[in-house]
>>> print(open('data_18.pdb').read())   # PDB, C-alpha atoms
MODEL        1
ATOM      1  CA  MET A   1      14.136 -12.172  -4.717
ATOM      2  CA  ALA A   2      17.572 -12.493  -3.124
ATOM      3  CA  SER A   3      18.977 -10.081  -5.687
ATOM      4  CA  ASN A   4      16.232  -7.587  -4.801
ATOM      5  CA  ASN A   5      17.249  -7.765  -1.143
ATOM      6  CA  LEU A   6      20.848  -7.209  -2.197
ATOM      7  CA  VAL A   7      19.943  -4.183  -4.250
ATOM      8  CA  VAL A   8      17.861  -2.748  -1.421
ATOM      9  CA  ARG A   9      20.798  -3.245   0.890
ATOM     10  CA  LEU A  10      23.236  -1.677  -1.554
ATOM     11  CA  VAL A  11      20.871   1.215  -2.075
ATOM     12  CA  CYS A  12      20.627   1.588   1.655
ATOM     13  CA  CYS A  13      24.402   1.583   1.798
ATOM     14  CA  ALA A  14      24.555   4.377  -0.752
ATOM     15  CA  VAL A  15      21.886   6.343   1.000
ATOM     16  CA  VAL A  16      23.339   5.711   4.407
ATOM     17  CA  CYS A  17      26.702   6.892   3.235
ATOM     18  CA  ALA A  18      25.136  10.006   1.801
ATOM     19  CA  ALA A  19      23.205  10.588   5.004
ATOM     20  CA  ALA A  20      26.216   9.872   7.185
ATOM     21  CA  LEU A  21      27.958  12.985   5.942
ATOM     22  CA  SER A  22      29.375  13.901   9.314
ATOM     23  CA  ILE A  23      31.357  12.177  12.044
ATOM     24  CA  ILE A  24      29.816   8.911  13.118
ATOM     25  CA  THR A  25      29.932   7.572  16.668
ATOM     26  CA  THR A  26      28.281   4.729  18.548
ATOM     27  CA  VAL A  27      24.735   5.615  19.540
ATOM     28  CA  PRO A  28      21.737   3.437  20.321
ATOM     29  CA  LYS A  29      19.250   3.111  17.466
ATOM     30  CA  ALA A  30      16.453   4.386  19.697
ATOM     31  CA  GLU A  31      17.981   7.857  19.558
ATOM     32  CA  ALA A  32      18.097   8.002  15.780
ATOM     33  CA  ALA A  33      15.767  10.187  13.732
ATOM     34  CA  VAL A  34      15.713   7.583  10.941
ATOM     35  CA  SER A  35      14.818   3.948  11.616
ATOM     36  CA  CYS A  36      15.986   1.064   9.431
ATOM     37  CA  GLY A  37      12.402   0.635   8.255
ATOM     38  CA  GLN A  38      12.135   4.290   7.252
ATOM     39  CA  LEU A  39      15.505   4.105   5.556
ATOM     40  CA  THR A  40      14.439   1.100   3.515
ATOM     41  CA  ASN A  41      11.200   2.812   2.493
ATOM     42  CA  GLU A  42      12.986   5.985   1.426
ATOM     43  CA  LEU A  43      15.618   4.136  -0.577
ATOM     44  CA  MET A  44      13.482   1.418  -2.157
ATOM     45  CA  PRO A  45      13.073   3.486  -5.358
ATOM     46  CA  CYS A  46      16.870   3.229  -5.817
ATOM     47  CA  LEU A  47      16.726  -0.529  -6.190
ATOM     48  CA  SER A  48      16.201  -0.647  -9.945
ATOM     49  CA  TYR A  49      19.068   1.758 -10.587
ATOM     50  CA  ILE A  50      21.434  -0.197  -8.369
ATOM     51  CA  LEU A  51      20.467  -3.485  -9.992
ATOM     52  CA  TYR A  52      20.337  -2.410 -13.621
ATOM     53  CA  GLY A  53      22.058   0.972 -13.893
ATOM     54  CA  GLY A  54      21.057   3.597 -16.392
ATOM     55  CA  ASN A  55      21.761   7.169 -17.361
ATOM     56  CA  THR A  56      19.619   8.714 -14.665
ATOM     57  CA  VAL A  57      18.625   7.800 -11.142
ATOM     58  CA  PRO A  58      14.848   7.674 -10.610
ATOM     59  CA  GLN A  59      13.459  10.858  -9.053
ATOM     60  CA  GLY A  60      11.900   8.844  -6.224
ATOM     61  CA  CYS A  61      15.346   7.512  -5.367
ATOM     62  CA  CYS A  62      16.868  10.988  -5.291
ATOM     63  CA  ASN A  63      13.984  12.236  -3.161
ATOM     64  CA  GLY A  64      14.648   9.406  -0.702
ATOM     65  CA  VAL A  65      18.396  10.073  -0.651
ATOM     66  CA  ARG A  66      17.773  13.770   0.053
ATOM     67  CA  THR A  67      15.214  12.964   2.739
ATOM     68  CA  VAL A  68      17.584  10.629   4.553
ATOM     69  CA  PHE A  69      20.488  13.056   4.140
ATOM     70  CA  ASN A  70      18.448  15.972   5.497
ATOM     71  CA  THR A  71      16.940  13.951   8.349
ATOM     72  CA  ALA A  72      20.174  12.398   9.610
ATOM     73  CA  ARG A  73      21.775  15.646  10.799
ATOM     74  CA  THR A  74      23.289  14.551  14.100
ATOM     75  CA  THR A  75      26.146  12.163  14.710
ATOM     76  CA  PRO A  76      23.844   9.581  16.371
ATOM     77  CA  ASP A  77      21.456   9.762  13.427
ATOM     78  CA  ARG A  78      24.223   9.308  10.859
ATOM     79  CA  GLN A  79      25.685   6.446  12.812
ATOM     80  CA  ALA A  80      22.326   4.727  13.023
ATOM     81  CA  VAL A  81      21.848   5.117   9.271
ATOM     82  CA  CYS A  82      25.316   3.772   8.525
ATOM     83  CA  ASN A  83      24.891   0.826  10.875
ATOM     84  CA  CYS A  84      21.465   0.048   9.428
ATOM     85  CA  ILE A  85      22.852  -0.054   5.913
ATOM     86  CA  LYS A  86      25.881  -2.114   6.896
ATOM     87  CA  SER A  87      23.753  -4.638   8.763
ATOM     88  CA  SER A  88      21.337  -4.913   5.854
ATOM     89  CA  ILE A  89      24.028  -5.979   3.379
ATOM     90  CA  VAL A  90      25.775  -8.538   5.594
ATOM     91  CA  GLY A  91      25.768 -11.902   3.852
ATOM     92  CA  VAL A  92      24.179 -10.582   0.661
ATOM     93  CA  PRO A  93      26.118 -11.278  -2.531
ATOM     94  CA  TYR A  94      26.762  -8.283  -4.740
ATOM     95  CA  THR A  95      28.747  -7.457  -7.843
ATOM     96  CA  ASN A  96      31.099  -4.646  -8.768
ATOM     97  CA  PHE A  97      28.348  -3.389 -11.091
ATOM     98  CA  ASN A  98      25.965  -3.007  -8.121
ATOM     99  CA  ILE A  99      28.634  -1.339  -5.993
ATOM    100  CA  VAL A 100      29.494   1.168  -8.732
ATOM    101  CA  ASN A 101      25.817   1.961  -9.235
ATOM    102  CA  ALA A 102      25.205   2.386  -5.504
ATOM    103  CA  ALA A 103      28.252   4.634  -5.174
ATOM    104  CA  ALA A 104      26.999   6.836  -8.030
ATOM    105  CA  VAL A 105      23.584   7.508  -6.500
ATOM    106  CA  PRO A 106      24.454  10.446  -4.205
ATOM    107  CA  LYS A 107      26.351  12.371  -6.875
ATOM    108  CA  LYS A 108      23.702  11.730  -9.519
ATOM    109  CA  CYS A 109      21.108  12.981  -7.036
ATOM    110  CA  GLY A 110      23.081  16.140  -6.271
ATOM    111  CA  VAL A 111      24.081  15.086  -2.764
ATOM    112  CA  ASN A 112      27.773  15.670  -2.128
ATOM    113  CA  ILE A 113      29.559  13.334   0.227
ATOM    114  CA  SER A 114      33.253  13.312   1.072
ATOM    115  CA  TYR A 115      33.934   9.575   1.076
ATOM    116  CA  GLN A 116      33.750   6.473  -1.108
ATOM    117  CA  ILE A 117      30.596   4.421  -0.793
ATOM    118  CA  SER A 118      31.493   0.820  -0.164
ATOM    119  CA  PRO A 119      30.052  -2.203   1.643
ATOM    120  CA  ASN A 120      33.262  -2.165   3.695
ATOM    121  CA  ILE A 121      32.945   1.432   4.875
ATOM    122  CA  ASP A 122      34.077   2.077   8.436
ATOM    123  CA  CYS A 123      31.208   4.142   9.767
ATOM    124  CA  SER A 124      33.342   5.508  12.577
ATOM    125  CA  ARG A 125      35.583   7.251  10.030
ATOM    126  CA  VAL A 126      32.858   8.971   7.991
ATOM    127  CA  GLN A 127      33.121  12.720   8.372
TER     128      GLN A 127
ENDMDL
END
>>> encode(input="data_18.pdb", output="structure tokens")
Amino acid sequence: MASNNLVVRLVCCAVVCAAALSIITTVPKAEAAVSCGQLTNELMPCLSYILYGGNTVPQGCCNGVRTVFNTARTTPDRQAVCNCIKSSIVGVPYTNFNIVNAAAVPKKCGVNISYQISPNIDCSRVQ
């Protein structure tokens, strides 16, 4: 089960990065349009792809990525998403395979982001 939590967190990282397409600043979570719980629910379908890879990302995953991306339109929302994803992967072991898969999700879902998805992303620098 620990690997499932890792995958969920990596998926959240990928989704958060996709959703955090604009400048990110410090904003309380209460102001965000997307809660960590909602984020997890939207990105849960990405878990299998992040864990096992494949030629295509599940449609449910892409739908979740698009939903988060389209919902997190303001700087506070994008920051909340980024912070949620970062906090969800703290202390969870992951592999380069998982990171590569998570980073590929936005592009494979047709969501263009201008930065590298990584567990070490500095949310304050996302544009």
>>> atom_distance(input="data_18.pdb", atom1="atom CA of A:Thr75", atom2="atom CA of A:Val57")
27.3 Å
>>> atom_distance(input="data_18.pdb", atom1="atom CA of A:Ser48", atom2="atom CA of A:Gln79")
25.7 Å
>>> resolve_selection(input="data_18.pdb", expression="the PyMOL selection byres ((chain A and resi 61-68) around 6)", output="PDB file with C-alpha atoms, in the frame of the given file")
ATOM      1  CA  VAL A  15      21.886   6.343   1.000  1.00  0.00           C
ATOM      2  CA  ALA A  19      23.205  10.588   5.004  1.00  0.00           C
ATOM      3  CA  GLU A  42      12.986   5.985   1.426  1.00  0.00           C
ATOM      4  CA  LEU A  43      15.618   4.136  -0.577  1.00  0.00           C
ATOM      5  CA  PRO A  45      13.073   3.486  -5.358  1.00  0.00           C
ATOM      6  CA  CYS A  46      16.870   3.229  -5.817  1.00  0.00           C
ATOM      7  CA  PRO A  58      14.848   7.674 -10.610  1.00  0.00           C
ATOM      8  CA  GLN A  59      13.459  10.858  -9.053  1.00  0.00           C
ATOM      9  CA  GLY A  60      11.900   8.844  -6.224  1.00  0.00           C
ATOM     10  CA  PHE A  69      20.488  13.056   4.140  1.00  0.00           C
ATOM     11  CA  ASN A  70      18.448  15.972   5.497  1.00  0.00           C
ATOM     12  CA  THR A  71      16.940  13.951   8.349  1.00  0.00           C
ATOM     13  CA  ALA A  72      20.174  12.398   9.610  1.00  0.00           C
ATOM     14  CA  CYS A 109      21.108  12.981  -7.036  1.00  0.00           C
TER      15      CYS A 109
END
>>> residues_near_point(input="data_18.pdb", point="(28.8, -2.9, -7.2)", cutoff="9 Å", atoms="only C-alpha atoms", output="JSON list (two decimals) with C-alpha atoms, in the coordinates of the input")
[["chain", "number", "residue", "atom", "x", "y", "z"],
["A", 10, "LEU", "CA", 23.24, -1.68, -1.55],
["A", 50, "ILE", "CA", 21.43, -0.20, -8.37],
["A", 51, "LEU", "CA", 20.47, -3.48, -9.99],
["A", 94, "TYR", "CA", 26.76, -8.28, -4.74],
["A", 95, "THR", "CA", 28.75, -7.46, -7.84],
["A", 96, "ASN", "CA", 31.10, -4.65, -8.77],
["A", 97, "PHE", "CA", 28.35, -3.39, -11.09],
["A", 98, "ASN", "CA", 25.96, -3.01, -8.12],
["A", 99, "ILE", "CA", 28.63, -1.34, -5.99],
["A", 100, "VAL", "CA", 29.49, 1.17, -8.73],
["A", 101, "ASN", "CA", 25.82, 1.96, -9.24],
["A", 102, "ALA", "CA", 25.20, 2.39, -5.50],
["A", 103, "ALA", "CA", 28.25, 4.63, -5.17],
["A", 118, "SER", "CA", 31.49, 0.82, -0.16],
["A", 119, "PRO", "CA", 30.05, -2.20, 1.64]]
>>> closest_residue(input="data_18.pdb", among="A:Leu47, A:Ala104, A:Asn55, A:Cys82", to="A:Asp122", atoms="all atoms listed in the file")
A:Cys82
>>> atom_distance(input="data_18.pdb", atom1="atom CA of A:Gly53", atom2="atom CA of A:Ile117")
16.0 Å
>>> closest_residue(input="data_18.pdb", among="A:Gly110, A:Gly91, A:Pro76, A:Gly37", to="A:Ser124", atoms="all atoms listed in the file")
A:Pro76
>>> closest_residue(input="data_18.pdb", among="A:Val90, A:Val105, A:Cys84, A:Val111", to="A:Cys123", atoms="only C-alpha atoms")
A:Cys84
>>> build_atoms(input="data_18.pdb", residues="stretch 39-65 of chain A", atoms="N, CA, C and O atoms", output="PDB file, in the coordinates of the input")
ATOM      1  N   LEU A  39      14.402   4.055   6.510  1.00  0.00           N
ATOM      2  CA  LEU A  39      15.505   4.105   5.556  1.00  0.00           C
ATOM      3  C   LEU A  39      15.213   3.223   4.344  1.00  0.00           C
ATOM      4  O   LEU A  39      15.363   3.655   3.205  1.00  0.00           O
ATOM      5  N   THR A  40      14.765   2.024   4.596  1.00  0.00           N
ATOM      6  CA  THR A  40      14.439   1.100   3.515  1.00  0.00           C
ATOM      7  C   THR A  40      13.329   1.671   2.634  1.00  0.00           C
ATOM      8  O   THR A  40      13.416   1.629   1.408  1.00  0.00           O
ATOM      9  N   ASN A  41      12.305   2.224   3.258  1.00  0.00           N
ATOM     10  CA  ASN A  41      11.200   2.812   2.493  1.00  0.00           C
ATOM     11  C   ASN A  41      11.665   3.975   1.630  1.00  0.00           C
ATOM     12  O   ASN A  41      11.241   4.109   0.483  1.00  0.00           O
ATOM     13  N   GLU A  42      12.508   4.825   2.172  1.00  0.00           N
ATOM     14  CA  GLU A  42      12.986   5.985   1.426  1.00  0.00           C
ATOM     15  C   GLU A  42      13.874   5.576   0.255  1.00  0.00           C
ATOM     16  O   GLU A  42      13.847   6.203  -0.795  1.00  0.00           O
ATOM     17  N   LEU A  43      14.652   4.531   0.444  1.00  0.00           N
ATOM     18  CA  LEU A  43      15.618   4.136  -0.577  1.00  0.00           C
ATOM     19  C   LEU A  43      15.155   3.050  -1.535  1.00  0.00           C
ATOM     20  O   LEU A  43      15.839   2.754  -2.512  1.00  0.00           O
ATOM     21  N   MET A  44      14.000   2.479  -1.286  1.00  0.00           N
ATOM     22  CA  MET A  44      13.482   1.418  -2.157  1.00  0.00           C
ATOM     23  C   MET A  44      13.435   1.841  -3.627  1.00  0.00           C
ATOM     24  O   MET A  44      13.755   1.031  -4.509  1.00  0.00           O
ATOM     25  N   PRO A  45      13.094   3.089  -3.945  1.00  0.00           N
ATOM     26  CA  PRO A  45      13.073   3.486  -5.358  1.00  0.00           C
ATOM     27  C   PRO A  45      14.445   3.438  -6.033  1.00  0.00           C
ATOM     28  O   PRO A  45      14.534   3.520  -7.257  1.00  0.00           O
ATOM     29  N   CYS A  46      15.515   3.300  -5.255  1.00  0.00           N
ATOM     30  CA  CYS A  46      16.870   3.229  -5.817  1.00  0.00           C
ATOM     31  C   CYS A  46      17.214   1.827  -6.297  1.00  0.00           C
ATOM     32  O   CYS A  46      18.205   1.637  -7.011  1.00  0.00           O
ATOM     33  N   LEU A  47      16.427   0.872  -5.921  1.00  0.00           N
ATOM     34  CA  LEU A  47      16.726  -0.529  -6.190  1.00  0.00           C
ATOM     35  C   LEU A  47      16.944  -0.827  -7.670  1.00  0.00           C
ATOM     36  O   LEU A  47      17.921  -1.480  -8.038  1.00  0.00           O
ATOM     37  N   SER A  48      16.062  -0.335  -8.512  1.00  0.00           N
ATOM     38  CA  SER A  48      16.201  -0.647  -9.945  1.00  0.00           C
ATOM     39  C   SER A  48      17.483  -0.058 -10.520  1.00  0.00           C
ATOM     40  O   SER A  48      18.144  -0.691 -11.335  1.00  0.00           O
ATOM     41  N   TYR A  49      17.838   1.148 -10.085  1.00  0.00           N
ATOM     42  CA  TYR A  49      19.068   1.758 -10.587  1.00  0.00           C
ATOM     43  C   TYR A  49      20.291   0.969 -10.131  1.00  0.00           C
ATOM     44  O   TYR A  49      21.212   0.729 -10.905  1.00  0.00           O
ATOM     45  N   ILE A  50      20.295   0.552  -8.886  1.00  0.00           N
ATOM     46  CA  ILE A  50      21.434  -0.197  -8.369  1.00  0.00           C
ATOM     47  C   ILE A  50      21.561  -1.547  -9.074  1.00  0.00           C
ATOM     48  O   ILE A  50      22.652  -1.978  -9.397  1.00  0.00           O
ATOM     49  N   LEU A  51      20.434  -2.172  -9.342  1.00  0.00           N
ATOM     50  CA  LEU A  51      20.467  -3.485  -9.992  1.00  0.00           C
ATOM     51  C   LEU A  51      20.804  -3.411 -11.475  1.00  0.00           C
ATOM     52  O   LEU A  51      21.552  -4.232 -11.983  1.00  0.00           O
ATOM     53  N   TYR A  52      20.238  -2.425 -12.169  1.00  0.00           N
ATOM     54  CA  TYR A  52      20.337  -2.410 -13.621  1.00  0.00           C
ATOM     55  C   TYR A  52      21.082  -1.220 -14.209  1.00  0.00           C
ATOM     56  O   TYR A  52      21.381  -1.213 -15.406  1.00  0.00           O
ATOM     57  N   GLY A  53      21.362  -0.210 -13.396  1.00  0.00           N
ATOM     58  CA  GLY A  53      22.058   0.972 -13.893  1.00  0.00           C
ATOM     59  C   GLY A  53      21.169   1.834 -14.763  1.00  0.00           C
ATOM     60  O   GLY A  53      19.951   1.725 -14.728  1.00  0.00           O
ATOM     61  N   GLY A  54      21.798   2.703 -15.522  1.00  0.00           N
ATOM     62  CA  GLY A  54      21.057   3.597 -16.392  1.00  0.00           C
ATOM     63  C   GLY A  54      21.721   4.959 -16.419  1.00  0.00           C
ATOM     64  O   GLY A  54      22.692   5.216 -15.704  1.00  0.00           O
ATOM     65  N   ASN A  55      21.199   5.829 -17.245  1.00  0.00           N
ATOM     66  CA  ASN A  55      21.761   7.169 -17.361  1.00  0.00           C
ATOM     67  C   ASN A  55      21.320   8.090 -16.238  1.00  0.00           C
ATOM     68  O   ASN A  55      22.037   9.018 -15.869  1.00  0.00           O
ATOM     69  N   THR A  56      20.128   7.861 -15.734  1.00  0.00           N
ATOM     70  CA  THR A  56      19.619   8.714 -14.665  1.00  0.00           C
ATOM     71  C   THR A  56      19.084   7.869 -13.523  1.00  0.00           C
ATOM     72  O   THR A  56      18.596   6.754 -13.729  1.00  0.00           O
ATOM     73  N   VAL A  57      19.170   8.437 -12.338  1.00  0.00           N
ATOM     74  CA  VAL A  57      18.625   7.800 -11.142  1.00  0.00           C
ATOM     75  C   VAL A  57      17.155   8.222 -11.051  1.00  0.00           C
ATOM     76  O   VAL A  57      16.837   9.393 -11.273  1.00  0.00           O
ATOM     77  N   PRO A  58      16.261   7.308 -10.731  1.00  0.00           N
ATOM     78  CA  PRO A  58      14.848   7.674 -10.610  1.00  0.00           C
ATOM     79  C   PRO A  58      14.639   8.814  -9.607  1.00  0.00           C
ATOM     80  O   PRO A  58      15.304   8.863  -8.565  1.00  0.00           O
ATOM     81  N   GLN A  59      13.720   9.714  -9.923  1.00  0.00           N
ATOM     82  CA  GLN A  59      13.459  10.858  -9.053  1.00  0.00           C
ATOM     83  C   GLN A  59      13.070  10.422  -7.646  1.00  0.00           C
ATOM     84  O   GLN A  59      13.466  11.033  -6.668  1.00  0.00           O
ATOM     85  N   GLY A  60      12.294   9.348  -7.540  1.00  0.00           N
ATOM     86  CA  GLY A  60      11.900   8.844  -6.224  1.00  0.00           C
ATOM     87  C   GLY A  60      13.097   8.435  -5.389  1.00  0.00           C
ATOM     88  O   GLY A  60      13.115   8.610  -4.172  1.00  0.00           O
ATOM     89  N   CYS A  61      14.106   7.887  -6.050  1.00  0.00           N
ATOM     90  CA  CYS A  61      15.346   7.512  -5.367  1.00  0.00           C
ATOM     91  C   CYS A  61      16.045   8.761  -4.843  1.00  0.00           C
ATOM     92  O   CYS A  61      16.438   8.817  -3.679  1.00  0.00           O
ATOM     93  N   CYS A  62      16.193   9.747  -5.705  1.00  0.00           N
ATOM     94  CA  CYS A  62      16.868  10.988  -5.291  1.00  0.00           C
ATOM     95  C   CYS A  62      16.106  11.675  -4.162  1.00  0.00           C
ATOM     96  O   CYS A  62      16.712  12.200  -3.226  1.00  0.00           O
ATOM     97  N   ASN A  63      14.783  11.651  -4.232  1.00  0.00           N
ATOM     98  CA  ASN A  63      13.984  12.236  -3.161  1.00  0.00           C
ATOM     99  C   ASN A  63      14.264  11.517  -1.845  1.00  0.00           C
ATOM    100  O   ASN A  63      14.407  12.145  -0.793  1.00  0.00           O
ATOM    101  N   GLY A  64      14.354  10.187  -1.901  1.00  0.00           N
ATOM    102  CA  GLY A  64      14.648   9.406  -0.702  1.00  0.00           C
ATOM    103  C   GLY A  64      16.041   9.680  -0.161  1.00  0.00           C
ATOM    104  O   GLY A  64      16.239   9.815   1.044  1.00  0.00           O
ATOM    105  N   VAL A  65      17.023   9.785  -1.064  1.00  0.00           N
ATOM    106  CA  VAL A  65      18.396  10.073  -0.651  1.00  0.00           C
ATOM    107  C   VAL A  65      18.443  11.437   0.043  1.00  0.00           C
ATOM    108  O   VAL A  65      19.042  11.582   1.109  1.00  0.00           O
TER     109      VAL A  65
END
